[in-house]
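Trainee: Once you've had a glance at the structure underneath, I'll fire off some questions.
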Amino acid sequence: MDNLIIAGKAYSSRLLVGTGKYKDFAETRAAVDTSGAEIITVAIRRTNLGQNPDEPNLLDVLPLSRYTLLPNTAGCYTVEDAVRTLRLARELLDGHSLVKLEVLGDPRTLYPNMVETIKAAEILVKEDFQVMVYTSDDPILARQLEEIGCVAIMPLASLIGSGMGILNPWNLQIIIENATVPVIVDAGVGTASDAAIAMELGCDGVLMNTAIAAAQNPVLMASAMKKAVEAGREAYLAGRMAKKLYSASPSSPVSGIIASSNTHKDGHKAS
């Protein structure tokens, strides 16, 4: 099996999905089920996991027995907020240590504040969290986060929620080539072809939320994303043909083809 391995655990799906922006929990469940995802992200500051007993609980529709929850720090802009949020998540989820760290730098673009991200990652790793970290596509910073001890590097393809797709495949390739932990594209995927391209580049997985939740038919888009990730992974493993401006060799053999020996180059038969 070509499994995704994160922090020593194997997952058959390389598609990770978020749980926000759906019209209700029923649609959330339907889309997540259709996606085939096993790891689902949850914004602790926005989603009830039991901290509000009088509100619907996400765990009632996405049980821990079936899914690996990935609490994240969406909406956090400081080290203190991010660390506090993930400590709360670990308390709510009975010691759960696998988390997604993101420390944002700007409320308009939601671009990561990498100085604060690195500081928070250092604290969380020392506290025995298994940190999957949202980062810019800077290869040097990605390497630094791995050296700190993060279990997965999650560079953006483009801005969160933009749907612009992969804007800098070259930086992603450098990150992939240098990393020894999984590299998972996080943010910017808009449609199935974006997910396929990420996987063809050699990414270990793709995480998305808006691309599915904001589609006109989220459940159908979840199905498309599942297939795209699988197809992209297979294409990467298969190894694509080399790109050429043109091919001097026909794709089919020409030896043995029957041709009239009495036909001139001008197409007229000899008399």
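Order determines the names: the first chain of the structure tokens is A, the second B, and so forth; residues in each chain are numbered 1 upward, and ligands are numbered 1 upward as they are shown.
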So which bits of region 14-201 of chain A end up helix (DSSP H, G or I) when you DSSP the backbone, as a ChimeraX atom specification?
Mentor: /A:25-35,58-60,79-92,114-126,139-148,169-178,192-201
Trainee: Neighbouring residues of Leu16 (chain A) were defined as those with any atom within 12 Å, considering only C-alpha atoms; residues of the same chain fewer than 4 positions away were excluded. Please report them as an MDAnalysis selection string.
Mentor: chainID A and resid 4 6 11:12 31:33 35:42 67:70 100 154 184:187 195 204:209 211:212 222 225:226 229
Trainee: Using only C-alpha atoms, which of A:Glu146, A:Glu102, A:Glu127, A:Glu55 sits nearest Asn178 (chain A)?
Mentor: A:Glu146
Trainee: Considering only C-alpha atoms, return as a VMD selection string whatever protein or nucleic-acid residues lie within 9 Å of Ile175 (chain A), sequence-local ones (same chain, fewer than 2 positions apart) excluded.
Mentor: chain A and resid 137 to 140 142 to 143 153 155 170 to 173 177 to 179 183
Trainee: From the DSSP assignment of the backbone, select every residue of region 36-239 of chain A that is strand (DSSP E or B), and format the answer as a PyMOL selection string.
Mentor: chain A and resi 39-43+68-72+98-101+104+112+130-135+152-155+183-186+205-208
Trainee: Could you write out the selected residues, including N, CA and C atoms, as an mmCIF file, in the first residue's frame?
Mentor:
data_model
loop_
_atom_site.group_PDB
_atom_site.id
_atom_site.type_symbol
_atom_site.label_atom_id
_atom_site.label_comp_id
_atom_site.auth_asym_id
_atom_site.auth_seq_id
_atom_site.Cartn_x
_atom_site.Cartn_y
_atom_site.Cartn_z
ATOM 1 N N ILE A 39 -7.992 12.329 7.775
ATOM 2 C CA ILE A 39 -7.559 13.407 8.661
ATOM 3 C C ILE A 39 -8.399 14.632 8.361
ATOM 4 N N ILE A 40 -9.045 15.176 9.370
ATOM 5 C CA ILE A 40 -9.896 16.350 9.173
ATOM 6 C C ILE A 40 -9.463 17.450 10.142
ATOM 7 N N THR A 41 -9.351 18.648 9.615
ATOM 8 C CA THR A 41 -8.914 19.771 10.439
ATOM 9 C C THR A 41 -10.109 20.458 11.085
ATOM 10 N N VAL A 42 -9.874 20.966 12.272
ATOM 11 C CA VAL A 42 -10.923 21.626 13.046
ATOM 12 C C VAL A 42 -10.353 22.901 13.658
ATOM 13 N N ALA A 43 -11.004 24.020 13.383
ATOM 14 C CA ALA A 43 -10.598 25.292 13.991
ATOM 15 C C ALA A 43 -11.144 25.339 15.409
ATOM 16 N N THR A 68 -9.190 10.965 12.210
ATOM 17 C CA THR A 68 -8.146 11.593 13.002
ATOM 18 C C THR A 68 -8.378 13.090 12.959
ATOM 19 N N LEU A 69 -8.676 13.673 14.094
ATOM 20 C CA LEU A 69 -8.887 15.108 14.161
ATOM 21 C C LEU A 69 -7.544 15.840 14.168
ATOM 22 N N LEU A 70 -7.504 16.932 13.436
ATOM 23 C CA LEU A 70 -6.307 17.762 13.393
ATOM 24 C C LEU A 70 -6.691 19.164 13.863
ATOM 25 N N PRO A 71 -6.649 19.410 15.168
ATOM 26 C CA PRO A 71 -6.984 20.742 15.674
ATOM 27 C C PRO A 71 -6.018 21.773 15.103
ATOM 28 N N ASN A 72 -6.541 22.912 14.675
ATOM 29 C CA ASN A 72 -5.656 23.943 14.146
ATOM 30 C C ASN A 72 -5.865 25.269 14.848
ATOM 31 N N LEU A 98 -1.478 15.372 17.932
ATOM 32 C CA LEU A 98 -1.286 15.757 16.530
ATOM 33 C C LEU A 98 -2.076 17.025 16.249
ATOM 34 N N VAL A 99 -1.373 18.086 15.854
ATOM 35 C CA VAL A 99 -2.020 19.384 15.673
ATOM 36 C C VAL A 99 -1.484 20.078 14.423
ATOM 37 N N LYS A 100 -2.261 21.045 13.962
ATOM 38 C CA LYS A 100 -1.805 21.893 12.860
ATOM 39 C C LYS A 100 -1.594 23.306 13.389
ATOM 40 N N LEU A 101 -0.379 23.788 13.232
ATOM 41 C CA LEU A 101 -0.026 25.127 13.689
ATOM 42 C C LEU A 101 -0.070 26.110 12.529
ATOM 43 N N LEU A 104 -1.055 33.518 11.797
ATOM 44 C CA LEU A 104 -1.283 34.420 10.675
ATOM 45 C C LEU A 104 -0.653 35.786 10.926
ATOM 46 N N PRO A 112 1.027 33.673 6.428
ATOM 47 C CA PRO A 112 1.601 33.300 7.727
ATOM 48 C C PRO A 112 2.681 34.272 8.205
ATOM 49 N N GLN A 130 2.821 16.871 18.303
ATOM 50 C CA GLN A 130 3.252 16.462 16.967
ATOM 51 C C GLN A 130 2.729 17.528 16.014
ATOM 52 N N VAL A 131 3.611 18.384 15.562
ATOM 53 C CA VAL A 131 3.216 19.619 14.898
ATOM 54 C C VAL A 131 3.304 19.501 13.376
ATOM 55 N N MET A 132 2.154 19.649 12.735
ATOM 56 C CA MET A 132 2.085 19.851 11.290
ATOM 57 C C MET A 132 1.958 21.356 11.101
ATOM 58 N N VAL A 133 2.820 21.962 10.294
ATOM 59 C CA VAL A 133 2.942 23.411 10.333
ATOM 60 C C VAL A 133 2.678 24.056 8.977
ATOM 61 N N TYR A 134 1.772 25.035 8.994
ATOM 62 C CA TYR A 134 1.461 25.862 7.828
ATOM 63 C C TYR A 134 2.561 26.893 7.661
ATOM 64 N N THR A 135 3.091 26.991 6.443
ATOM 65 C CA THR A 135 4.240 27.861 6.216
ATOM 66 C C THR A 135 4.162 28.522 4.852
ATOM 67 N N ALA A 152 5.315 17.426 9.800
ATOM 68 C CA ALA A 152 4.902 17.636 8.410
ATOM 69 C C ALA A 152 5.021 19.118 8.098
ATOM 70 N N ILE A 153 5.464 19.400 6.877
ATOM 71 C CA ILE A 153 5.600 20.772 6.412
ATOM 72 C C ILE A 153 4.456 21.048 5.446
ATOM 73 N N MET A 154 3.771 22.182 5.636
ATOM 74 C CA MET A 154 2.553 22.452 4.873
ATOM 75 C C MET A 154 2.641 23.822 4.190
ATOM 76 N N PRO A 155 3.371 23.902 3.085
ATOM 77 C CA PRO A 155 3.496 25.188 2.391
ATOM 78 C C PRO A 155 2.238 25.556 1.633
ATOM 79 N N VAL A 183 5.416 16.504 2.945
ATOM 80 C CA VAL A 183 5.123 17.862 2.486
ATOM 81 C C VAL A 183 3.693 17.859 1.949
ATOM 82 N N ILE A 184 2.845 18.673 2.547
ATOM 83 C CA ILE A 184 1.424 18.689 2.213
ATOM 84 C C ILE A 184 1.029 20.102 1.815
ATOM 85 N N VAL A 185 0.586 20.265 0.588
ATOM 86 C CA VAL A 185 0.147 21.586 0.139
ATOM 87 C C VAL A 185 -1.074 22.012 0.939
ATOM 88 N N ASP A 186 -1.008 23.220 1.466
ATOM 89 C CA ASP A 186 -2.077 23.728 2.323
ATOM 90 C C ASP A 186 -2.405 25.146 1.885
ATOM 91 N N GLY A 205 0.667 15.001 0.084
ATOM 92 C CA GLY A 205 -0.760 15.129 0.291
ATOM 93 C C GLY A 205 -1.208 16.547 0.023
ATOM 94 N N VAL A 206 -2.511 16.760 0.085
ATOM 95 C CA VAL A 206 -3.101 18.084 -0.117
ATOM 96 C C VAL A 206 -4.160 18.300 0.951
ATOM 97 N N LEU A 207 -4.143 19.471 1.567
ATOM 98 C CA LEU A 207 -5.180 19.845 2.526
ATOM 99 C C LEU A 207 -6.006 20.970 1.925
ATOM 100 N N MET A 208 -7.317 20.854 2.027
ATOM 101 C CA MET A 208 -8.186 21.895 1.490
ATOM 102 C C MET A 208 -9.474 21.991 2.298
#
